[in-house]
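A.B. asks: So here's final19.txt (compact mmCIF, N, CA and C atoms).
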```txt
# COMPACT_ATOMS: atom_id res chain seq x y z
N MET A 295 41.26 18.84 -3.85
CA MET A 295 40.16 18.63 -4.76
C MET A 295 39.21 19.80 -4.66
N ILE A 296 38.56 20.11 -5.74
CA ILE A 296 37.60 21.18 -5.78
C ILE A 296 36.31 20.68 -5.12
N PRO A 297 35.68 21.48 -4.22
CA PRO A 297 34.50 21.01 -3.50
C PRO A 297 33.39 20.49 -4.43
N GLY A 298 33.12 21.14 -5.54
CA GLY A 298 32.08 20.68 -6.47
C GLY A 298 32.41 19.33 -7.07
N ARG A 299 33.70 19.16 -7.35
CA ARG A 299 34.15 17.90 -7.93
C ARG A 299 34.02 16.77 -6.90
N ALA A 300 34.35 17.04 -5.66
CA ALA A 300 34.22 16.04 -4.59
C ALA A 300 32.76 15.63 -4.42
N PHE A 301 31.89 16.61 -4.51
CA PHE A 301 30.46 16.32 -4.38
C PHE A 301 29.99 15.41 -5.51
N ARG A 302 30.46 15.69 -6.73
CA ARG A 302 30.09 14.84 -7.86
C ARG A 302 30.63 13.43 -7.70
N TRP A 303 31.89 13.28 -7.23
CA TRP A 303 32.46 11.95 -7.01
C TRP A 303 31.68 11.19 -5.94
N ALA A 304 31.31 11.87 -4.89
CA ALA A 304 30.53 11.23 -3.83
C ALA A 304 29.18 10.76 -4.38
N GLY A 305 28.56 11.58 -5.21
CA GLY A 305 27.28 11.21 -5.82
C GLY A 305 27.42 10.00 -6.73
N LEU A 306 28.49 9.96 -7.52
CA LEU A 306 28.72 8.82 -8.41
C LEU A 306 28.97 7.54 -7.62
N LEU A 307 29.72 7.65 -6.53
CA LEU A 307 29.97 6.48 -5.68
C LEU A 307 28.67 5.97 -5.06
N MET A 308 27.80 6.86 -4.64
CA MET A 308 26.52 6.45 -4.06
C MET A 308 25.65 5.76 -5.10
N LEU A 309 25.62 6.29 -6.31
CA LEU A 309 24.84 5.66 -7.37
C LEU A 309 25.39 4.28 -7.70
N ALA A 310 26.71 4.15 -7.74
CA ALA A 310 27.32 2.85 -8.03
C ALA A 310 26.95 1.84 -6.95
N ALA A 311 26.97 2.28 -5.70
CA ALA A 311 26.63 1.38 -4.59
C ALA A 311 25.17 0.98 -4.66
N CYS A 312 24.31 1.90 -5.04
CA CYS A 312 22.88 1.60 -5.13
C CYS A 312 22.58 0.64 -6.26
N GLY A 313 23.39 0.66 -7.29
CA GLY A 313 23.15 -0.20 -8.45
C GLY A 313 23.33 -1.67 -8.14
N THR A 314 24.07 -2.00 -7.09
CA THR A 314 24.33 -3.39 -6.79
C THR A 314 23.31 -4.00 -5.85
N ARG A 315 22.50 -3.20 -5.18
CA ARG A 315 21.51 -3.77 -4.28
C ARG A 315 20.15 -3.80 -4.96
N GLU A 316 19.22 -4.56 -4.36
CA GLU A 316 17.89 -4.67 -4.94
C GLU A 316 17.13 -3.35 -4.79
N ARG A 317 16.41 -3.04 -5.82
CA ARG A 317 15.60 -1.83 -5.78
C ARG A 317 14.20 -2.19 -5.30
N LEU A 318 13.56 -1.23 -4.65
CA LEU A 318 12.18 -1.43 -4.24
C LEU A 318 11.29 -1.38 -5.45
N THR A 319 10.38 -2.34 -5.53
CA THR A 319 9.42 -2.35 -6.62
C THR A 319 8.03 -2.46 -6.02
N PHE A 320 7.07 -1.94 -6.71
CA PHE A 320 5.70 -1.98 -6.26
C PHE A 320 4.86 -2.61 -7.35
N PRO A 321 3.93 -3.50 -6.96
CA PRO A 321 3.09 -4.13 -7.98
C PRO A 321 2.25 -3.08 -8.68
N THR A 322 2.09 -3.28 -9.98
CA THR A 322 1.30 -2.32 -10.76
C THR A 322 -0.01 -2.92 -11.23
N GLU A 323 -0.15 -4.22 -11.11
CA GLU A 323 -1.38 -4.84 -11.59
C GLU A 323 -2.11 -5.50 -10.44
N ASN A 324 -2.31 -6.79 -10.51
CA ASN A 324 -3.08 -7.55 -9.53
C ASN A 324 -2.38 -7.51 -8.16
N THR A 325 -2.99 -6.82 -7.22
CA THR A 325 -2.40 -6.75 -5.88
C THR A 325 -3.09 -7.69 -4.91
N GLY A 326 -3.94 -8.58 -5.39
CA GLY A 326 -4.67 -9.50 -4.53
C GLY A 326 -3.83 -10.70 -4.16
N ASN A 327 -4.53 -11.74 -3.75
CA ASN A 327 -3.86 -12.95 -3.27
C ASN A 327 -3.63 -13.98 -4.37
N ASP A 328 -3.91 -13.63 -5.63
CA ASP A 328 -3.72 -14.51 -6.78
C ASP A 328 -4.58 -15.77 -6.72
N ARG A 329 -5.59 -15.76 -5.87
CA ARG A 329 -6.55 -16.87 -5.82
C ARG A 329 -7.91 -16.30 -6.14
N GLY A 330 -8.66 -17.05 -6.90
CA GLY A 330 -9.99 -16.60 -7.24
C GLY A 330 -10.98 -16.85 -6.13
N PRO A 331 -12.20 -16.40 -6.33
CA PRO A 331 -13.23 -16.59 -5.32
C PRO A 331 -13.53 -18.06 -5.08
N ILE A 332 -13.99 -18.34 -3.89
CA ILE A 332 -14.45 -19.69 -3.54
C ILE A 332 -15.94 -19.72 -3.79
N SER A 333 -16.37 -20.71 -4.57
CA SER A 333 -17.79 -20.87 -4.88
C SER A 333 -18.29 -22.14 -4.23
N GLU A 334 -19.55 -22.11 -3.82
CA GLU A 334 -20.17 -23.32 -3.29
C GLU A 334 -21.62 -23.37 -3.72
N VAL A 335 -22.10 -24.58 -3.93
CA VAL A 335 -23.50 -24.82 -4.25
C VAL A 335 -24.13 -25.39 -2.98
N THR A 336 -25.15 -24.69 -2.47
CA THR A 336 -25.80 -25.14 -1.24
C THR A 336 -27.09 -25.89 -1.50
N HIS A 337 -27.63 -25.76 -2.72
CA HIS A 337 -28.82 -26.53 -3.10
C HIS A 337 -28.76 -26.79 -4.60
N PRO A 338 -28.78 -28.00 -5.06
CA PRO A 338 -28.81 -29.22 -4.27
C PRO A 338 -27.46 -29.47 -3.59
N LEU A 339 -27.54 -29.98 -2.40
CA LEU A 339 -26.33 -30.19 -1.61
C LEU A 339 -25.55 -31.43 -2.06
N ALA A 340 -26.29 -32.48 -2.48
CA ALA A 340 -25.64 -33.72 -2.90
C ALA A 340 -24.95 -33.55 -4.25
N GLN A 341 -23.84 -34.24 -4.42
CA GLN A 341 -23.10 -34.19 -5.68
C GLN A 341 -23.95 -34.69 -6.84
N ASP A 342 -24.73 -35.76 -6.60
CA ASP A 342 -25.65 -36.30 -7.60
C ASP A 342 -27.06 -36.19 -7.06
N THR A 343 -27.96 -35.64 -7.87
CA THR A 343 -29.34 -35.42 -7.45
C THR A 343 -30.29 -35.95 -8.52
N VAL A 344 -31.40 -36.52 -8.07
CA VAL A 344 -32.44 -37.00 -8.99
C VAL A 344 -33.69 -36.17 -8.75
N VAL A 345 -34.26 -35.64 -9.83
CA VAL A 345 -35.52 -34.89 -9.74
C VAL A 345 -36.50 -35.46 -10.76
N THR A 346 -37.78 -35.15 -10.55
CA THR A 346 -38.83 -35.62 -11.44
C THR A 346 -39.08 -34.56 -12.51
N SER A 347 -39.26 -35.02 -13.73
CA SER A 347 -39.54 -34.11 -14.83
C SER A 347 -40.78 -33.27 -14.50
N GLY A 348 -40.68 -31.99 -14.75
CA GLY A 348 -41.78 -31.07 -14.46
C GLY A 348 -41.56 -30.29 -13.19
N ASP A 349 -40.71 -30.78 -12.30
CA ASP A 349 -40.42 -30.06 -11.06
C ASP A 349 -39.52 -28.87 -11.36
N LEU A 350 -39.75 -27.82 -10.64
CA LEU A 350 -38.87 -26.65 -10.75
C LEU A 350 -37.71 -26.87 -9.79
N LEU A 351 -36.51 -26.75 -10.29
CA LEU A 351 -35.32 -26.94 -9.46
C LEU A 351 -34.61 -25.60 -9.32
N ILE A 352 -34.32 -25.23 -8.10
CA ILE A 352 -33.59 -23.99 -7.85
C ILE A 352 -32.18 -24.35 -7.42
N ILE A 353 -31.23 -23.80 -8.12
CA ILE A 353 -29.81 -24.01 -7.80
C ILE A 353 -29.35 -22.78 -7.02
N GLN A 354 -28.89 -23.01 -5.81
CA GLN A 354 -28.49 -21.92 -4.93
C GLN A 354 -27.06 -22.09 -4.47
N GLY A 355 -26.44 -20.98 -4.13
CA GLY A 355 -25.09 -21.05 -3.58
C GLY A 355 -24.57 -19.66 -3.30
N ARG A 356 -23.25 -19.61 -3.16
CA ARG A 356 -22.61 -18.31 -2.93
C ARG A 356 -21.17 -18.38 -3.40
N ALA A 357 -20.62 -17.20 -3.63
CA ALA A 357 -19.20 -17.06 -3.96
C ALA A 357 -18.66 -15.97 -3.04
N PHE A 358 -17.45 -16.19 -2.55
CA PHE A 358 -16.87 -15.17 -1.67
C PHE A 358 -15.38 -15.02 -1.93
N ASP A 359 -14.91 -13.78 -1.74
CA ASP A 359 -13.51 -13.44 -1.96
C ASP A 359 -13.22 -12.11 -1.26
N PRO A 360 -12.14 -12.02 -0.48
CA PRO A 360 -11.83 -10.76 0.19
C PRO A 360 -11.48 -9.63 -0.78
N ASP A 361 -11.09 -9.98 -2.01
CA ASP A 361 -10.79 -8.95 -3.01
C ASP A 361 -12.06 -8.42 -3.67
N GLY A 362 -13.21 -9.05 -3.38
CA GLY A 362 -14.48 -8.64 -3.97
C GLY A 362 -14.83 -9.49 -5.18
N VAL A 363 -16.05 -9.99 -5.22
CA VAL A 363 -16.52 -10.83 -6.32
C VAL A 363 -17.04 -9.93 -7.44
N ASP A 364 -16.53 -10.14 -8.63
CA ASP A 364 -16.98 -9.38 -9.79
C ASP A 364 -18.17 -10.07 -10.46
N THR A 365 -18.01 -11.35 -10.79
CA THR A 365 -19.03 -12.07 -11.55
C THR A 365 -19.08 -13.53 -11.11
N VAL A 366 -20.30 -14.08 -11.07
CA VAL A 366 -20.52 -15.50 -10.81
C VAL A 366 -21.10 -16.11 -12.07
N TYR A 367 -20.55 -17.23 -12.51
CA TYR A 367 -21.01 -17.91 -13.71
C TYR A 367 -21.63 -19.25 -13.32
N VAL A 368 -22.84 -19.49 -13.81
CA VAL A 368 -23.52 -20.77 -13.63
C VAL A 368 -23.70 -21.35 -15.02
N ASP A 369 -22.95 -22.41 -15.32
CA ASP A 369 -22.98 -23.03 -16.64
C ASP A 369 -23.73 -24.35 -16.54
N LEU A 370 -24.48 -24.65 -17.57
CA LEU A 370 -25.31 -25.84 -17.59
C LEU A 370 -25.07 -26.60 -18.88
N SER A 371 -24.88 -27.91 -18.76
CA SER A 371 -24.76 -28.74 -19.96
C SER A 371 -25.72 -29.91 -19.83
N GLY A 372 -26.21 -30.38 -20.94
CA GLY A 372 -27.11 -31.52 -20.96
C GLY A 372 -28.50 -31.17 -21.46
N ILE A 373 -28.90 -29.89 -21.37
CA ILE A 373 -30.14 -29.41 -21.96
C ILE A 373 -29.89 -28.01 -22.52
N ASN A 374 -30.83 -27.56 -23.32
CA ASN A 374 -30.70 -26.27 -23.96
C ASN A 374 -31.26 -25.17 -23.07
N GLN A 375 -30.54 -24.84 -22.04
CA GLN A 375 -30.93 -23.76 -21.14
C GLN A 375 -29.65 -23.13 -20.61
N GLY A 376 -29.66 -21.84 -20.39
CA GLY A 376 -28.48 -21.16 -19.89
C GLY A 376 -28.87 -20.04 -18.94
N PHE A 377 -27.87 -19.47 -18.31
CA PHE A 377 -28.09 -18.41 -17.34
C PHE A 377 -27.14 -17.25 -17.63
N ALA A 378 -27.64 -16.05 -17.46
CA ALA A 378 -26.80 -14.86 -17.61
C ALA A 378 -25.82 -14.80 -16.44
N PRO A 379 -24.63 -14.25 -16.65
CA PRO A 379 -23.70 -14.08 -15.53
C PRO A 379 -24.33 -13.22 -14.44
N ILE A 380 -23.98 -13.52 -13.21
CA ILE A 380 -24.51 -12.79 -12.05
C ILE A 380 -23.44 -11.80 -11.61
N LEU A 381 -23.79 -10.52 -11.64
CA LEU A 381 -22.83 -9.49 -11.29
C LEU A 381 -22.72 -9.37 -9.77
N GLY A 382 -21.48 -9.38 -9.29
CA GLY A 382 -21.24 -9.32 -7.85
C GLY A 382 -21.06 -7.92 -7.31
N GLY A 383 -20.72 -6.97 -8.17
CA GLY A 383 -20.57 -5.59 -7.74
C GLY A 383 -19.42 -5.36 -6.77
N GLY A 384 -18.48 -6.30 -6.66
CA GLY A 384 -17.34 -6.12 -5.77
C GLY A 384 -17.61 -6.49 -4.33
N ASP A 385 -18.81 -7.04 -4.04
CA ASP A 385 -19.10 -7.47 -2.67
C ASP A 385 -18.22 -8.65 -2.28
N ASP A 386 -17.92 -8.77 -0.99
CA ASP A 386 -17.12 -9.90 -0.51
C ASP A 386 -17.84 -11.23 -0.69
N THR A 387 -19.16 -11.23 -0.52
CA THR A 387 -19.96 -12.44 -0.65
C THR A 387 -21.13 -12.15 -1.56
N VAL A 388 -21.35 -13.05 -2.53
CA VAL A 388 -22.47 -12.92 -3.45
C VAL A 388 -23.28 -14.20 -3.39
N ASN A 389 -24.53 -14.08 -2.94
CA ASN A 389 -25.46 -15.21 -2.95
C ASN A 389 -26.15 -15.24 -4.30
N PHE A 390 -26.45 -16.45 -4.78
CA PHE A 390 -27.14 -16.57 -6.06
C PHE A 390 -28.17 -17.68 -6.01
N ALA A 391 -29.15 -17.57 -6.88
CA ALA A 391 -30.17 -18.60 -7.06
C ALA A 391 -30.67 -18.51 -8.50
N VAL A 392 -30.69 -19.63 -9.19
CA VAL A 392 -31.21 -19.68 -10.56
C VAL A 392 -32.23 -20.80 -10.64
N GLN A 393 -33.25 -20.60 -11.46
CA GLN A 393 -34.30 -21.59 -11.63
C GLN A 393 -34.02 -22.45 -12.85
N LEU A 394 -34.13 -23.73 -12.68
CA LEU A 394 -33.90 -24.69 -13.76
C LEU A 394 -35.21 -25.40 -14.06
N SER A 395 -35.71 -25.23 -15.27
CA SER A 395 -36.94 -25.90 -15.67
C SER A 395 -36.63 -27.33 -16.10
N THR A 396 -37.41 -28.28 -15.58
CA THR A 396 -37.21 -29.69 -15.95
C THR A 396 -38.38 -30.22 -16.79
N ILE A 397 -39.28 -29.33 -17.21
CA ILE A 397 -40.44 -29.75 -18.01
C ILE A 397 -39.97 -30.40 -19.30
N ASP A 398 -40.52 -31.57 -19.60
CA ASP A 398 -40.21 -32.34 -20.81
C ASP A 398 -38.73 -32.68 -20.94
N GLN A 399 -38.06 -32.88 -19.84
CA GLN A 399 -36.63 -33.20 -19.87
C GLN A 399 -36.34 -34.58 -19.29
N SER A 400 -37.34 -35.44 -19.25
CA SER A 400 -37.19 -36.77 -18.67
C SER A 400 -36.03 -37.52 -19.36
N GLY A 401 -35.19 -38.13 -18.56
CA GLY A 401 -34.05 -38.89 -19.07
C GLY A 401 -32.78 -38.07 -19.24
N ALA A 402 -32.86 -36.79 -19.06
CA ALA A 402 -31.67 -35.94 -19.25
C ALA A 402 -30.74 -36.04 -18.03
N ARG A 403 -29.47 -35.98 -18.31
CA ARG A 403 -28.46 -35.92 -17.26
C ARG A 403 -27.74 -34.58 -17.42
N LEU A 404 -27.85 -33.73 -16.43
CA LEU A 404 -27.31 -32.39 -16.50
C LEU A 404 -26.07 -32.25 -15.63
N THR A 405 -25.22 -31.35 -16.02
CA THR A 405 -24.09 -30.96 -15.18
C THR A 405 -24.16 -29.46 -14.99
N VAL A 406 -24.18 -29.05 -13.73
CA VAL A 406 -24.17 -27.64 -13.39
C VAL A 406 -22.77 -27.32 -12.87
N GLN A 407 -22.15 -26.31 -13.43
CA GLN A 407 -20.82 -25.88 -12.99
C GLN A 407 -20.88 -24.41 -12.59
N VAL A 408 -20.31 -24.10 -11.44
CA VAL A 408 -20.32 -22.74 -10.93
C VAL A 408 -18.89 -22.31 -10.64
N HIS A 409 -18.56 -21.11 -11.06
CA HIS A 409 -17.28 -20.51 -10.67
C HIS A 409 -17.45 -18.99 -10.68
N ALA A 410 -16.52 -18.31 -10.06
CA ALA A 410 -16.60 -16.85 -9.98
C ALA A 410 -15.25 -16.23 -10.31
N VAL A 411 -15.29 -14.94 -10.59
CA VAL A 411 -14.09 -14.16 -10.88
C VAL A 411 -14.10 -12.96 -9.94
N ASP A 412 -12.94 -12.67 -9.34
CA ASP A 412 -12.89 -11.52 -8.43
C ASP A 412 -12.62 -10.23 -9.20
N ARG A 413 -12.66 -9.11 -8.49
CA ARG A 413 -12.49 -7.80 -9.12
C ARG A 413 -11.13 -7.64 -9.79
N LEU A 414 -10.14 -8.44 -9.37
CA LEU A 414 -8.79 -8.34 -9.92
C LEU A 414 -8.57 -9.28 -11.10
N GLY A 415 -9.59 -10.07 -11.44
CA GLY A 415 -9.49 -10.97 -12.59
C GLY A 415 -9.07 -12.39 -12.25
N ASP A 416 -8.89 -12.70 -10.97
CA ASP A 416 -8.53 -14.07 -10.58
C ASP A 416 -9.76 -14.95 -10.70
N ILE A 417 -9.59 -16.12 -11.31
CA ILE A 417 -10.69 -17.05 -11.56
C ILE A 417 -10.68 -18.14 -10.50
N GLY A 418 -11.83 -18.37 -9.89
CA GLY A 418 -11.95 -19.40 -8.86
C GLY A 418 -12.15 -20.78 -9.43
N ALA A 419 -12.02 -21.77 -8.57
CA ALA A 419 -12.21 -23.17 -8.97
C ALA A 419 -13.68 -23.44 -9.27
N ILE A 420 -13.92 -24.43 -10.12
CA ILE A 420 -15.27 -24.82 -10.52
C ILE A 420 -15.81 -25.84 -9.53
N VAL A 421 -17.07 -25.65 -9.13
CA VAL A 421 -17.79 -26.66 -8.34
C VAL A 421 -18.91 -27.19 -9.21
N SER A 422 -19.21 -28.48 -9.10
CA SER A 422 -20.17 -29.12 -9.99
C SER A 422 -21.24 -29.88 -9.23
N ARG A 423 -22.37 -30.03 -9.88
CA ARG A 423 -23.45 -30.89 -9.43
C ARG A 423 -23.98 -31.63 -10.66
N HIS A 424 -24.33 -32.89 -10.47
CA HIS A 424 -24.94 -33.69 -11.54
C HIS A 424 -26.40 -33.91 -11.18
N ILE A 425 -27.26 -33.68 -12.15
CA ILE A 425 -28.70 -33.78 -11.92
C ILE A 425 -29.28 -34.73 -12.96
N ASN A 426 -29.96 -35.77 -12.47
CA ASN A 426 -30.66 -36.70 -13.35
C ASN A 426 -32.14 -36.39 -13.28
N ILE A 427 -32.77 -36.24 -14.44
CA ILE A 427 -34.19 -35.94 -14.49
C ILE A 427 -34.93 -37.22 -14.91
N GLU A 428 -35.85 -37.67 -14.06
CA GLU A 428 -36.63 -38.89 -14.34
C GLU A 428 -37.97 -38.56 -14.93
```
Would you write out, as structure tokens, the structure that this file holds?
C.D. replies:
Amino acid sequence: MIPGRAFRWAGLLMLAACGTRERLTFPTENTGNDRGPISEVTHPLAQDTVVTSGDLLIIQGRAFDPDGVDTVYVDLSGINQGFAPILGGGDDTVNFAVQLSTIDQSGARLTVQVHAVDRLGDIGAIVSRHINIE
């Protein structure tokens, strides 16, 4: 056999052998843990809370994720008030506090929902609090 031809046959045999085994692949997108940030509400701590109309209520908590927290969302239903998203800047832990006005809201039942999104786009679970205004 001609040496060049033998080299080509050896190369073809190696390629054929490589075609049958798994190839190494590397993730190109989300390289995180596919879980979103963990959010918690630390105030009010109770699942159901009663406040008096006119009192200022501060909702506090934190979101954390080893991939870095991008944004924390605090959603409110039951009254016409909302909050801008809280930017996390990629920090592992983001503390937040928002003020909820209860003036002239007697009899309202509110639901506060908090969740966060990490830098990779993974969305965390929602945590809720129910607030009754007397």
A.B. asks: Using all atoms listed in the file, determine which residues lie at most 6 Å from Asp359 in chain A, disregarding the query and same-chain residues fewer than 3 positions distant; provide the list as a PyMOL selection string.
C.D. replies: chain A and resi 330-332+362-363+386-387
A.B. asks: Work out how far atom C of Asp364 in chain A is from atom N of Gly384 in chain A, in Å to one decimal.
C.D. replies: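 Those two atoms sit 5.4 Å apart.
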A.B. asks: Let me make sure I understand: among A:Asp342, A:Glu334, A:Asp328, A:Asp349, which one has the smallest atom-to-atom distance to Ser395 in chain A if we use only C-alpha atoms?
C.D. replies: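 Closest to Ser395 in chain A of all the choices is A:Asp349.
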A.B. asks: Suppose you want the space between atom C of Val421 in chain A and CA of Val368 in chain A; what is it in Å?
C.D. replies: 9.1 Å
A.B. asks: Give me, as an mmCIF file with N, CA and C atoms, keeping the file's coordinate frame, all polymer residues having an atom no more than 6 Å from Ile397 in chain A, counting all atoms listed in the file and skipping those fewer than 3 positions away in the same chain.
C.D. replies:
```
data_model
loop_
_atom_site.group_PDB
_atom_site.id
_atom_site.type_symbol
_atom_site.label_atom_id
_atom_site.label_comp_id
_atom_site.auth_asym_id
_atom_site.auth_seq_id
_atom_site.Cartn_x
_atom_site.Cartn_y
_atom_site.Cartn_z
ATOM 1 N N SER A 347 -39.260 -35.020 -13.730
ATOM 2 C CA SER A 347 -39.540 -34.110 -14.830
ATOM 3 C C SER A 347 -40.780 -33.270 -14.500
ATOM 4 N N GLY A 348 -40.680 -31.990 -14.750
ATOM 5 C CA GLY A 348 -41.780 -31.070 -14.460
ATOM 6 C C GLY A 348 -41.560 -30.290 -13.190
ATOM 7 N N ASP A 349 -40.710 -30.780 -12.300
ATOM 8 C CA ASP A 349 -40.420 -30.060 -11.060
ATOM 9 C C ASP A 349 -39.520 -28.870 -11.360
ATOM 10 N N SER A 400 -37.340 -35.440 -19.250
ATOM 11 C CA SER A 400 -37.190 -36.770 -18.670
ATOM 12 C C SER A 400 -36.030 -37.520 -19.360
#
```
A.B. asks: With 5 Å as the threshold, what does the neighbourhood of (-18.6, -14.7, -9.4) contain in terms of residues, counting all atoms listed in the file? Coordinates are those of the file; answer as an mmCIF file with N, CA and C atoms, in the frame of the given file.
C.D. replies:
```cif
data_model
loop_
_atom_site.group_PDB
_atom_site.id
_atom_site.type_symbol
_atom_site.label_atom_id
_atom_site.label_comp_id
_atom_site.auth_asym_id
_atom_site.auth_seq_id
_atom_site.Cartn_x
_atom_site.Cartn_y
_atom_site.Cartn_z
ATOM 1 N N ASP A 364 -16.530 -10.140 -8.630
ATOM 2 C CA ASP A 364 -16.980 -9.380 -9.790
ATOM 3 C C ASP A 364 -18.170 -10.070 -10.460
ATOM 4 N N THR A 365 -18.010 -11.350 -10.790
ATOM 5 C CA THR A 365 -19.030 -12.070 -11.550
ATOM 6 C C THR A 365 -19.080 -13.530 -11.110
ATOM 7 N N VAL A 366 -20.300 -14.080 -11.070
ATOM 8 C CA VAL A 366 -20.520 -15.500 -10.810
ATOM 9 C C VAL A 366 -21.100 -16.110 -12.070
ATOM 10 N N TYR A 367 -20.550 -17.230 -12.510
ATOM 11 C CA TYR A 367 -21.010 -17.910 -13.710
ATOM 12 C C TYR A 367 -21.630 -19.250 -13.320
ATOM 13 N N HIS A 409 -18.560 -21.110 -11.060
ATOM 14 C CA HIS A 409 -17.280 -20.510 -10.670
ATOM 15 C C HIS A 409 -17.450 -18.990 -10.680
ATOM 16 N N ALA A 410 -16.520 -18.310 -10.060
ATOM 17 C CA ALA A 410 -16.600 -16.850 -9.980
ATOM 18 C C ALA A 410 -15.250 -16.230 -10.310
ATOM 19 N N VAL A 411 -15.290 -14.940 -10.590
ATOM 20 C CA VAL A 411 -14.090 -14.160 -10.880
ATOM 21 C C VAL A 411 -14.100 -12.960 -9.940
#
```
A.B. asks: Would you mind reading off the distance between atom C of Ile352 in chain A and atom C of Glu428 in chain A, one decimal, in Å?
C.D. replies: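 Spanning atom C of Ile352 in chain A to atom C of Glu428 in chain A is a straight-line distance of 17.1 Å.
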A.B. asks: Step one, run DSSP on the backbone; step two, keep only residues of range 362-414 of chain A assigned to strand (DSSP E); then write them as a ChimeraX atom specification.
C.D. replies: /A:363-371,380-381,387-395,403-412
A.B. asks: Env of His424 in chain A: 6 Å cut, atoms = all atoms listed in the file, seq-sep filter 3 positions within chain, self excluded. Answer as a list of chain:residue names.
C.D. replies: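 Near neighbours after the sequence-gap exclusion: A:Gln341, A:Asp342, A:Thr343, A:Leu404, A:Thr405, A:Val406.
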A.B. asks: Could you check the closest approach to Leu394 in chain A for each of A:Asp361, A:Leu339, A:Ile353, A:Asp369 and tell me which residue wins, using only C-alpha atoms?
C.D. replies: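 Looking only at the distances to Leu394 in chain A, the closest residue turns out to be A:Ile353.
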A.B. asks: Which of these, A:Leu351, A:Val345, A:Thr396, A:Ala391, has the shortest distance to Ile425 in chain A once you count all atoms listed in the file?
C.D. replies: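 Ranked by minimum distance to Ile425 in chain A, first place goes to A:Val345.
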A.B. asks: Which residue, A:Ser371, A:Leu350, A:Asn327, A:Ile380, has the smallest gap to Gln393 in chain A when you use only N, CA and C atoms?
C.D. replies: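 When distances to Gln393 in chain A are compared using only N, CA and C atoms, the smallest one comes from A:Leu350.
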A.B. asks: Just checking: using all atoms listed in the file, which residue out of A:Ile417, A:Val335, A:Ala402, A:Val408 ends up closest to Gly372 in chain A?
C.D. replies: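 Nearest to Gly372 in chain A: A:Ala402.
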A.B. asks: Would you kindly return, as a ChimeraX atom specification, each protein, DNA or RNA residue with an atom no farther than 5 Å from any atom of Arg356 in chain A, considering all atoms listed in the file and excluding same-chain residues fewer than 3 positions away?
C.D. replies: /A:333-334,388-390
